2 protein chains.
Amino acid sequence: MKKIRLFTPGPTMVPDDVLLEMARPIEHHRTGMYREMAKELHELLQYLFQTKAMCLTFTGSGTSAAEAAIVGCTPAGHKALVVRNGKFAERWAKVCETFGIDHQTLDIEWGFGATGDDVRKAMEADAKIDTIIVVHSETSTTALSDVEAIAKVTREKGAILIVDGITSVGALPVKMDEWGVDVYLTGSQKALMLPPGLAFAAVNDRAWERIDSGKTPTLYNDLKAYRKSMDTFDAPYTPAVSLVRGALCVLRKIKERGVESIWAETTLLANATRSATRALGMKVFATHPVDSVTAMVVPEGVDEGALRKTMRAKFGFQIAGGQGDLKGKIIRFSHMGFVDAFDTIGAIAALEMALEGQGYAFSRSAGVAAAHAVLMDAKN
Amino acid sequence: MKKIRLFTPGPTMVPDDVLLEMARPIEHHRTGMYREMAKELHELLQYLFQTKAMCLTFTGSGTSAAEAAIVGCTPAGHKALVVRNGKFAERWAKVCETFGIDHQTLDIEWGFGATGDDVRKAMEADAKIDTIIVVHSETSTTALSDVEAIAKVTREKGAILIVDGITSVGALPVKMDEWGVDVYLTGSQKALMLPPGLAFAAVNDRAWERIDSGKTPTLYNDLKAYRKSMDTFDAPYTPAVSLVRGALCVLRKIKERGVESIWAETTLLANATRSATRALGMKVFATHPVDSVTAMVVPEGVDEGALRKTMRAKFGFQIAGGQGDLKGKIIRFSHMGFVDAFDTIGAIAALEMALEGQGYAFSRSAGVAAAHAVLMDAKN
């Protein structure tokens with residue numbers, strides 16, 4: 001009978017009506033009905049990414065869309081720069097290794113984001129670099145990179161910019177066309193408040209020109225196959241129809257509310273959580289913190305594993321720990337998707353209970369009151 | 001995309017898995033499958049009411065079960081005493097009027113519950129009274145009557161005791177056999193966290209003896225018809241099969257957790273809410289407050305209608321106002337069913353936001369911190 005509340009930075013909570021929509025009987029995907037759904041989905045994705053570019057839907061995780069973008073945009077003769085500032089950026093470097101793509105990494109301390117200058121310097125040091133891969137919101141470290149500034153640099157230098165927007169699209173300001181990003185991608189189980197299983201990539205004409213200039217060394221994640229099927233709003237391979245139906249349902253809600261309003265709400269929840277963190281005598285981990293997920297440094301004397309276990313088993317809040325070198329050192333709270341001010345206050349209330357249970361010294365309810373104050377100021 | 005949280009004292013929030021269980025295809029009710037469900041439901045209801053008495057399931061609201069109990073237990077020659085301390089007690093007096101049942105009322109100030117002495121005095125003043133009708137938790141005024149003490153009196157005097165447990169059964173201590181209550185009834189949409197549509201009545205042998213001594217002046221709400229169908233675990237009229245399936249699902253959860261643990265949790269949420277009320281400089285309405293729902297007196301200068309509207313439209317919390325003479329004077333928060341500590345903290349946080357919006361002066365987050373302290377003390 002315990003209420004379970006997902007505060008993990010993916011998967012996130014799915015609204016009841018979206019779950020019910022996805023429980024409806026399956027339609028066949030080689031039908032007019034599916035094509036109508038795919039057409040509307042395409043329009044809504046263009047709104048989401050703020051672009052006129054073609055938006056593709058993959059049945060796969062965010063990694064499938066990222067692999068498709070990376071291998072598609074780096075045919076022989078091109079060189080990629082992977083901005084590496086966390087666990088997910090590491091994965092994109094591994095894609096390059098796996099496919100034998102000429103690349104180098106720009107290593108940035110975990111907790112920091114990349115700036116336009118970082119990318120400019122790296123490009124000026126190696127004139128062969130013509131493809132930049134950057135993670136907008138590095139979920140593992142909760143650091144934000146300055147995509148707008150980086151896009152200015154890549155446009156100026158004629159390079160292709162691929163942005164992993166897996167925990168940014170639908171949560172943080174994303175303006176693909178205005179900024180000049182060439183490929184933006186995301187997954188279903190983050191700000192889109194769906195179960196995992198779909199990924200989306202918006203690909204502009206500059207990117208298509210690059211993709212068409214070479215041969216793509218993969219079948220399932222070949223962007224060209226997806227583009228071809230879009231002539232008739234079909235899918236190249238069997239799509240996850242229930243999830244597509246859920247995606248339509250969610251994207252209609254997002255458009256109705258206005259994506260800018262969601263961006264503002266995400267910032268508000270992040271501000272409330274950061275304020276609570278400080279009020280509890282704790283530190284926000286990231287130096288360049290992102291608004292879609294907040295990492296708190298686990299205080300000395302507090303056992304991170306036991307803390308998360310108590311949060312989940314006793315209070316029903318599932319939060320995330322750290323990954324890689326950050327394992328045991330941070331805890332992470334998502335602000336994406338179907339989570340609101342009152343869920344967030346509840347999460348801080350539960351965190352305080354769990355901290356008190358470990359004997360951590362703090363002023364009781366200070367975190368809750370700090371979060372409440374931020375939210376109250378904004379809502380009244 | 002707003003989250004809606006029901007804090008009304010019925011209907012209450014329905015768990016997702018119960019909703020999904022009820023969405024399953026309908027089975028026919030004249031089948032072995034239905035009879036197996038009805039048999040298990042009967043055992044679980046006996047656990048819920050803490051009784052060995054027969055437990056009947058009505059397709060109807062709580063009022064249908066109350067009418068069945070009242071008209072069944074008062075054939076010609078008997079006289080009822082209706083303890084009238086709120087809106088629902090008034091309704092049971094109206095049942096007596098409608099059916100021409102010899103009765104009188106024992107009027108008790110709203111906000112107060114009835115004691116054993118209250119009932120003893122009324123019975124000693126009129127020796128004809130042999131049937132007592134009392135509301136355990138008077139939802140309209142949030143007052144608690146002392147059913148255990150009243151049952152001692154009715155047992156001593158050989159009277160039949162009918163208890164409306166609509167907002168008590170499954171929320172507050174209810175021990176039908178130990179206390180000696182003859183008919184206990186409840187509805188589905190309160191502590192049982194189901195949608196409205198079912199009512200339940202536990203009827204002991206003393207009550208059946210009375211019922212069998214006369215003719216029942218109604219068909220649909222005739223307890224004898226329900227008893228007869230229980231020989232084969234059937235229903236006398238078409239039952240709401242989906243809701244019966246939901247009831248099974250919920251009652252299994254309640255038994256698994258242990259109903260005593262739910263009673264304790266309800267008290268805890270009530271204590272937290274009362275503590276928050278005082279910390280905000282407000283008053284708990286009832287003099288004998290019940291734990292299943294808390295009424296706060298709306299402070300002077302605060303517009304009750306606007307307050308509730310803000311709570312719902314802006315923050316997604318649906319609370320209840322006052323009924324009858326209490327309209328505009330109180331607001332009510334439920335502690336029944338699928339609501340937990342963190343929902344309750346959220347409700348107080350939203351109440352503070354709404355109060356601040358009306359310019360009510362209080363120490364910010366004092367209510368939230370007071371509720372949090374009560375919950376924290378109990379959980380750690």
# chains A, B, ... in the order shown; residues from 1 in each chain; ligands from 1
>>> select_by_dssp(residues="region 8-88 of chain A", states="alpha helix (DSSP H)", output="PDB file with N, CA and C atoms, in the first residue's frame")
ATOM      1  N   ASP A  16      -1.364   8.841 -14.958  1.00  0.00           N
ATOM      2  CA  ASP A  16      -2.344   7.752 -15.042  1.00  0.00           C
ATOM      3  C   ASP A  16      -3.012   7.671 -16.408  1.00  0.00           C
ATOM      4  N   ASP A  17      -3.425   8.823 -16.934  1.00  0.00           N
ATOM      5  CA  ASP A  17      -4.179   8.768 -18.192  1.00  0.00           C
ATOM      6  C   ASP A  17      -3.289   8.341 -19.357  1.00  0.00           C
ATOM      7  N   VAL A  18      -1.991   8.585 -19.241  1.00  0.00           N
ATOM      8  CA  VAL A  18      -1.063   8.122 -20.283  1.00  0.00           C
ATOM      9  C   VAL A  18      -0.892   6.604 -20.172  1.00  0.00           C
ATOM     10  N   LEU A  19      -0.798   6.104 -18.957  1.00  0.00           N
ATOM     11  CA  LEU A  19      -0.724   4.649 -18.758  1.00  0.00           C
ATOM     12  C   LEU A  19      -1.955   3.967 -19.349  1.00  0.00           C
ATOM     13  N   LEU A  20      -3.112   4.554 -19.087  1.00  0.00           N
ATOM     14  CA  LEU A  20      -4.355   3.944 -19.588  1.00  0.00           C
ATOM     15  C   LEU A  20      -4.421   4.010 -21.111  1.00  0.00           C
ATOM     16  N   GLU A  21      -3.955   5.124 -21.664  1.00  0.00           N
ATOM     17  CA  GLU A  21      -3.925   5.281 -23.126  1.00  0.00           C
ATOM     18  C   GLU A  21      -3.053   4.170 -23.733  1.00  0.00           C
ATOM     19  N   MET A  22      -1.932   3.883 -23.078  1.00  0.00           N
ATOM     20  CA  MET A  22      -1.025   2.866 -23.615  1.00  0.00           C
ATOM     21  C   MET A  22      -1.556   1.444 -23.407  1.00  0.00           C
ATOM     22  N   GLY A  32      -3.373   3.145 -42.115  1.00  0.00           N
ATOM     23  CA  GLY A  32      -3.600   4.591 -42.158  1.00  0.00           C
ATOM     24  C   GLY A  32      -3.657   5.166 -40.757  1.00  0.00           C
ATOM     25  N   MET A  33      -4.198   4.391 -39.832  1.00  0.00           N
ATOM     26  CA  MET A  33      -4.304   4.870 -38.454  1.00  0.00           C
ATOM     27  C   MET A  33      -2.923   5.159 -37.865  1.00  0.00           C
ATOM     28  N   TYR A  34      -1.970   4.250 -38.080  1.00  0.00           N
ATOM     29  CA  TYR A  34      -0.625   4.485 -37.570  1.00  0.00           C
ATOM     30  C   TYR A  34      -0.004   5.698 -38.257  1.00  0.00           C
ATOM     31  N   ARG A  35      -0.216   5.799 -39.576  1.00  0.00           N
ATOM     32  CA  ARG A  35       0.400   6.920 -40.313  1.00  0.00           C
ATOM     33  C   ARG A  35      -0.132   8.267 -39.823  1.00  0.00           C
ATOM     34  N   GLU A  36      -1.405   8.304 -39.481  1.00  0.00           N
ATOM     35  CA  GLU A  36      -1.962   9.547 -38.935  1.00  0.00           C
ATOM     36  C   GLU A  36      -1.318   9.890 -37.598  1.00  0.00           C
ATOM     37  N   MET A  37      -1.144   8.854 -36.780  1.00  0.00           N
ATOM     38  CA  MET A  37      -0.476   9.066 -35.489  1.00  0.00           C
ATOM     39  C   MET A  37       0.945   9.583 -35.715  1.00  0.00           C
ATOM     40  N   ALA A  38       1.654   8.959 -36.641  1.00  0.00           N
ATOM     41  CA  ALA A  38       3.050   9.320 -36.893  1.00  0.00           C
ATOM     42  C   ALA A  38       3.160  10.746 -37.435  1.00  0.00           C
ATOM     43  N   LYS A  39       2.164  11.147 -38.211  1.00  0.00           N
ATOM     44  CA  LYS A  39       2.164  12.501 -38.779  1.00  0.00           C
ATOM     45  C   LYS A  39       1.984  13.534 -37.653  1.00  0.00           C
ATOM     46  N   GLU A  40       1.011  13.276 -36.793  1.00  0.00           N
ATOM     47  CA  GLU A  40       0.777  14.212 -35.681  1.00  0.00           C
ATOM     48  C   GLU A  40       1.985  14.217 -34.732  1.00  0.00           C
ATOM     49  N   LEU A  41       2.548  13.035 -34.501  1.00  0.00           N
ATOM     50  CA  LEU A  41       3.724  12.934 -33.630  1.00  0.00           C
ATOM     51  C   LEU A  41       4.861  13.791 -34.190  1.00  0.00           C
ATOM     52  N   HIS A  42       5.038  13.744 -35.519  1.00  0.00           N
ATOM     53  CA  HIS A  42       6.095  14.519 -36.146  1.00  0.00           C
ATOM     54  C   HIS A  42       5.918  16.010 -35.899  1.00  0.00           C
ATOM     55  N   GLU A  43       4.696  16.488 -36.051  1.00  0.00           N
ATOM     56  CA  GLU A  43       4.426  17.919 -35.820  1.00  0.00           C
ATOM     57  C   GLU A  43       4.704  18.309 -34.371  1.00  0.00           C
ATOM     58  N   LEU A  44       4.291  17.428 -33.465  1.00  0.00           N
ATOM     59  CA  LEU A  44       4.473  17.728 -32.041  1.00  0.00           C
ATOM     60  C   LEU A  44       5.950  17.676 -31.653  1.00  0.00           C
ATOM     61  N   LEU A  45       6.698  16.781 -32.275  1.00  0.00           N
ATOM     62  CA  LEU A  45       8.144  16.721 -31.989  1.00  0.00           C
ATOM     63  C   LEU A  45       8.836  17.984 -32.498  1.00  0.00           C
ATOM     64  N   GLN A  46       8.386  18.490 -33.638  1.00  0.00           N
ATOM     65  CA  GLN A  46       8.977  19.750 -34.141  1.00  0.00           C
ATOM     66  C   GLN A  46       8.746  20.877 -33.139  1.00  0.00           C
ATOM     67  N   TYR A  47       7.559  20.865 -32.541  1.00  0.00           N
ATOM     68  CA  TYR A  47       7.278  21.866 -31.498  1.00  0.00           C
ATOM     69  C   TYR A  47       8.214  21.659 -30.305  1.00  0.00           C
ATOM     70  N   LEU A  48       8.356  20.408 -29.895  1.00  0.00           N
ATOM     71  CA  LEU A  48       9.182  20.082 -28.730  1.00  0.00           C
ATOM     72  C   LEU A  48      10.629  20.537 -28.916  1.00  0.00           C
ATOM     73  N   PHE A  49      11.184  20.228 -30.107  1.00  0.00           N
ATOM     74  CA  PHE A  49      12.580  20.581 -30.382  1.00  0.00           C
ATOM     75  C   PHE A  49      12.723  22.026 -30.870  1.00  0.00           C
ATOM     76  N   GLY A  62      17.659   5.966 -25.702  1.00  0.00           N
ATOM     77  CA  GLY A  62      18.339   7.164 -26.176  1.00  0.00           C
ATOM     78  C   GLY A  62      19.658   6.821 -26.852  1.00  0.00           C
ATOM     79  N   THR A  63      20.287   5.760 -26.380  1.00  0.00           N
ATOM     80  CA  THR A  63      21.564   5.335 -26.959  1.00  0.00           C
ATOM     81  C   THR A  63      21.417   4.983 -28.441  1.00  0.00           C
ATOM     82  N   SER A  64      20.264   4.410 -28.823  1.00  0.00           N
ATOM     83  CA  SER A  64      20.093   4.056 -30.245  1.00  0.00           C
ATOM     84  C   SER A  64      20.082   5.314 -31.112  1.00  0.00           C
ATOM     85  N   ALA A  65      19.385   6.342 -30.647  1.00  0.00           N
ATOM     86  CA  ALA A  65      19.338   7.586 -31.430  1.00  0.00           C
ATOM     87  C   ALA A  65      20.709   8.262 -31.455  1.00  0.00           C
ATOM     88  N   ALA A  66      21.429   8.184 -30.336  1.00  0.00           N
ATOM     89  CA  ALA A  66      22.752   8.803 -30.279  1.00  0.00           C
ATOM     90  C   ALA A  66      23.716   8.088 -31.225  1.00  0.00           C
ATOM     91  N   GLU A  67      23.662   6.754 -31.207  1.00  0.00           N
ATOM     92  CA  GLU A  67      24.522   5.993 -32.114  1.00  0.00           C
ATOM     93  C   GLU A  67      24.195   6.349 -33.567  1.00  0.00           C
ATOM     94  N   ALA A  68      22.898   6.411 -33.874  1.00  0.00           N
ATOM     95  CA  ALA A  68      22.481   6.744 -35.240  1.00  0.00           C
ATOM     96  C   ALA A  68      23.028   8.103 -35.659  1.00  0.00           C
ATOM     97  N   ALA A  69      22.932   9.076 -34.749  1.00  0.00           N
ATOM     98  CA  ALA A  69      23.395  10.424 -35.074  1.00  0.00           C
ATOM     99  C   ALA A  69      24.906  10.445 -35.265  1.00  0.00           C
ATOM    100  N   ILE A  70      25.616   9.787 -34.361  1.00  0.00           N
ATOM    101  CA  ILE A  70      27.083   9.840 -34.404  1.00  0.00           C
ATOM    102  C   ILE A  70      27.625   9.128 -35.649  1.00  0.00           C
ATOM    103  N   VAL A  71      27.168   7.893 -35.877  1.00  0.00           N
ATOM    104  CA  VAL A  71      27.722   7.172 -37.034  1.00  0.00           C
ATOM    105  C   VAL A  71      27.256   7.803 -38.345  1.00  0.00           C
ATOM    106  N   GLY A  72      26.046   8.364 -38.347  1.00  0.00           N
ATOM    107  CA  GLY A  72      25.539   8.992 -39.577  1.00  0.00           C
ATOM    108  C   GLY A  72      26.330  10.234 -39.956  1.00  0.00           C
ATOM    109  N   CYS A  73      26.722  11.014 -38.967  1.00  0.00           N
ATOM    110  CA  CYS A  73      27.351  12.307 -39.240  1.00  0.00           C
ATOM    111  C   CYS A  73      28.874  12.229 -39.375  1.00  0.00           C
ATOM    112  N   LYS A  87      29.472  10.302 -17.421  1.00  0.00           N
ATOM    113  CA  LYS A  87      29.246   8.922 -17.798  1.00  0.00           C
ATOM    114  C   LYS A  87      28.621   8.794 -19.199  1.00  0.00           C
ATOM    115  N   PHE A  88      27.712   9.686 -19.529  1.00  0.00           N
ATOM    116  CA  PHE A  88      27.035   9.544 -20.816  1.00  0.00           C
ATOM    117  C   PHE A  88      27.915  10.032 -21.951  1.00  0.00           C
TER     118      PHE A  88
END
>>> residues_around(residues="Lys224 (chain A)", least_positions_apart="4", cutoff="12 Å", atoms="only C-alpha atoms", output="list in words")
Met54, Leu56, Ala68, Ala69, Val71, Gly72, Cys73, Val203, Ala207, Trp208, Glu209, Arg210, Ile211, Asp212, Ser213, Gly214, Lys215, Thr216, Pro217, Thr218, Leu219, Tyr220, Lys228, Ser229, Met230, Asp231, Ala235 and Pro236 of chain A
>>> write_last_selection(atoms="C-alpha atoms", output="PDB file, in the first residue's frame")
ATOM      1  CA  MET A  54      12.719  16.327 -39.731  1.00  0.00           C
ATOM      2  CA  LEU A  56      12.591  10.763 -36.323  1.00  0.00           C
ATOM      3  CA  ALA A  68      22.481   6.744 -35.240  1.00  0.00           C
ATOM      4  CA  ALA A  69      23.395  10.424 -35.074  1.00  0.00           C
ATOM      5  CA  VAL A  71      27.722   7.172 -37.034  1.00  0.00           C
ATOM      6  CA  GLY A  72      25.539   8.992 -39.577  1.00  0.00           C
ATOM      7  CA  CYS A  73      27.351  12.307 -39.240  1.00  0.00           C
ATOM      8  CA  VAL A 203      18.008  16.175 -37.959  1.00  0.00           C
ATOM      9  CA  ALA A 207      23.239  17.179 -41.038  1.00  0.00           C
ATOM     10  CA  TRP A 208      21.488  15.335 -43.877  1.00  0.00           C
ATOM     11  CA  GLU A 209      24.013  16.687 -46.355  1.00  0.00           C
ATOM     12  CA  ARG A 210      26.810  15.241 -44.235  1.00  0.00           C
ATOM     13  CA  ILE A 211      24.951  11.942 -43.738  1.00  0.00           C
ATOM     14  CA  ASP A 212      24.343  11.617 -47.486  1.00  0.00           C
ATOM     15  CA  SER A 213      28.009  12.201 -48.254  1.00  0.00           C
ATOM     16  CA  GLY A 214      29.030   8.735 -47.035  1.00  0.00           C
ATOM     17  CA  LYS A 215      28.001   5.214 -46.254  1.00  0.00           C
ATOM     18  CA  THR A 216      26.387   4.386 -42.892  1.00  0.00           C
ATOM     19  CA  PRO A 217      27.950   1.330 -41.206  1.00  0.00           C
ATOM     20  CA  THR A 218      24.791   0.107 -39.438  1.00  0.00           C
ATOM     21  CA  LEU A 219      21.321  -1.058 -40.387  1.00  0.00           C
ATOM     22  CA  TYR A 220      18.996  -0.591 -37.394  1.00  0.00           C
ATOM     23  CA  LYS A 228      12.893   7.263 -46.224  1.00  0.00           C
ATOM     24  CA  SER A 229       9.962   5.881 -44.238  1.00  0.00           C
ATOM     25  CA  MET A 230       8.900   9.409 -43.309  1.00  0.00           C
ATOM     26  CA  ASP A 231       7.777  10.018 -46.927  1.00  0.00           C
ATOM     27  CA  ALA A 235       8.462   3.304 -39.646  1.00  0.00           C
ATOM     28  CA  PRO A 236      11.358   1.364 -41.201  1.00  0.00           C
TER      29      PRO A 236
END
>>> closest_atom_pairs(of="chain A", to="chain B", cutoff="8 Å", atoms="only C-alpha atoms", output="JSON lines")
{"residue": "A:Met1", "atom": "CA", "partner": "B:Lys253", "partner_atom": "CA", "distance": 6.5}
{"residue": "A:Lys3", "atom": "CA", "partner": "B:Asp340", "partner_atom": "CA", "distance": 7.5}
{"residue": "A:Asp16", "atom": "CA", "partner": "B:Asp16", "partner_atom": "CA", "distance": 7.4}
{"residue": "A:Lys253", "atom": "CA", "partner": "B:Met1", "partner_atom": "CA", "distance": 6.5}
{"residue": "A:Ile254", "atom": "CA", "partner": "B:Met1", "partner_atom": "CA", "distance": 7.9}
{"residue": "A:Arg257", "atom": "CA", "partner": "B:Met1", "partner_atom": "CA", "distance": 7.6}
{"residue": "A:Phe338", "atom": "CA", "partner": "B:Met1", "partner_atom": "CA", "distance": 7.5}
{"residue": "A:Asp340", "atom": "CA", "partner": "B:Lys3", "partner_atom": "CA", "distance": 7.5}
{"residue": "A:Phe342", "atom": "CA", "partner": "B:Gly346", "partner_atom": "CA", "distance": 4.8}
{"residue": "A:Asp343", "atom": "CA", "partner": "B:Gly346", "partner_atom": "CA", "distance": 7.2}
{"residue": "A:Ile345", "atom": "CA", "partner": "B:Gly346", "partner_atom": "CA", "distance": 6.6}
{"residue": "A:Gly346", "atom": "CA", "partner": "B:Phe342", "partner_atom": "CA", "distance": 4.8}
{"residue": "A:Ala347", "atom": "CA", "partner": "B:Phe342", "partner_atom": "CA", "distance": 7.8}
{"residue": "A:Ala349", "atom": "CA", "partner": "B:His372", "partner_atom": "CA", "distance": 7.0}
{"residue": "A:Ala350", "atom": "CA", "partner": "B:Phe342", "partner_atom": "CA", "distance": 7.7}
{"residue": "A:Met353", "atom": "CA", "partner": "B:Met376", "partner_atom": "CA", "distance": 5.9}
{"residue": "A:Glu356", "atom": "CA", "partner": "B:Asn380", "partner_atom": "CA", "distance": 7.6}
{"residue": "A:Gly357", "atom": "CA", "partner": "B:Asn380", "partner_atom": "CA", "distance": 5.9}
{"residue": "A:Arg364", "atom": "CA", "partner": "B:Ala373", "partner_atom": "CA", "distance": 7.6}
{"residue": "A:Ser365", "atom": "CA", "partner": "B:Ala369", "partner_atom": "CA", "distance": 5.5}
{"residue": "A:Val368", "atom": "CA", "partner": "B:Ala369", "partner_atom": "CA", "distance": 7.5}
{"residue": "A:Ala369", "atom": "CA", "partner": "B:Ser365", "partner_atom": "CA", "distance": 5.5}
{"residue": "A:His372", "atom": "CA", "partner": "B:Ser365", "partner_atom": "CA", "distance": 6.9}
{"residue": "A:Ala373", "atom": "CA", "partner": "B:Ser365", "partner_atom": "CA", "distance": 7.5}
{"residue": "A:Met376", "atom": "CA", "partner": "B:Met353", "partner_atom": "CA", "distance": 5.9}
{"residue": "A:Lys379", "atom": "CA", "partner": "B:Met353", "partner_atom": "CA", "distance": 7.6}
{"residue": "A:Asn380", "atom": "CA", "partner": "B:Gly357", "partner_atom": "CA", "distance": 5.9}
>>> select_by_dssp(residues="region 232-308 of chain A", states="strand (DSSP E or B)", output="MDAnalysis selection string")
chainID A and resid 283:284 289 293:297
>>> closest_residue(among="B:Thr186, B:Gln50, B:Thr267, B:Ser363", to="Leu280 (chain B)", atoms="only C-alpha atoms")
B:Ser363
>>> residues_around(residues="Val298 (chain A)", least_positions_apart="5", cutoff="9 Å", atoms="only C-alpha atoms", output="ChimeraX atom specification")
/A:282-283,303-304,328-331
>>> write_last_selection(atoms="C-alpha atoms", output="compact mmCIF listing (two decimals), in the first residue's frame")
# COMPACT_ATOMS: atom_id res chain seq x y z
CA MET A 282 24.73 20.14 2.40
CA LYS A 283 26.31 21.02 -0.94
CA ASP A 303 26.01 6.15 4.39
CA GLU A 304 24.73 6.83 0.87
CA GLY A 328 28.55 6.62 -2.91
CA LYS A 329 29.36 10.33 -3.01
CA ILE A 330 26.21 11.96 -4.37
CA ILE A 331 22.44 11.46 -4.43
>>> atom_distance(atom1="CA of Leu6 (chain A)", atom2="CA of Gln318 (chain A)")
5.0 Å
>>> closest_residue(among="A:Glu300, A:Met311, A:Met336, A:Ala286", to="Val14 (chain A)", atoms="only C-alpha atoms")
A:Met336
>>> atom_distance(atom1="CA of Trp179 (chain B)", atom2="CA of Trp110 (chain B)")
25.0 Å
>>> residues_around(residues="Pro11 (chain B)", least_positions_apart="5", cutoff="9 Å", atoms="only C-alpha atoms", output="PDB file with C-alpha atoms, in the first residue's frame")
ATOM      1  CA  LEU B   6      -8.224  14.188  -3.446  1.00  0.00           C
ATOM      2  CA  SER B 188     -16.588   1.875  -0.747  1.00  0.00           C
ATOM      3  CA  GLN B 189     -15.349   5.412  -1.447  1.00  0.00           C
ATOM      4  CA  LYS B 190     -13.822   6.304   1.917  1.00  0.00           C
ATOM      5  CA  MET B 193     -10.056   3.709  -1.402  1.00  0.00           C
ATOM      6  CA  LEU B 194     -12.463   2.559  -4.123  1.00  0.00           C
ATOM      7  CA  PRO B 195     -14.747   4.568  -6.366  1.00  0.00           C
ATOM      8  CA  PRO B 196     -18.305   5.030  -5.036  1.00  0.00           C
TER       9      PRO B 196
END
>>> closest_residue(among="B:Glu90, B:Glu156, B:Asp102, B:Asp222", to="Ser140 (chain B)", atoms="only C-alpha atoms")
B:Glu90
>>> residues_around(residues="Thr8 (chain A)", least_positions_apart="5", cutoff="6 Å", atoms="only C-alpha atoms", output="ChimeraX atom specification")
/A:319-320,334
>>> residues_around(residues="Gly111 (chain B)", least_positions_apart="6", cutoff="6 Å", atoms="only C-alpha atoms", output="ChimeraX atom specification")
/B:141,143,286-287
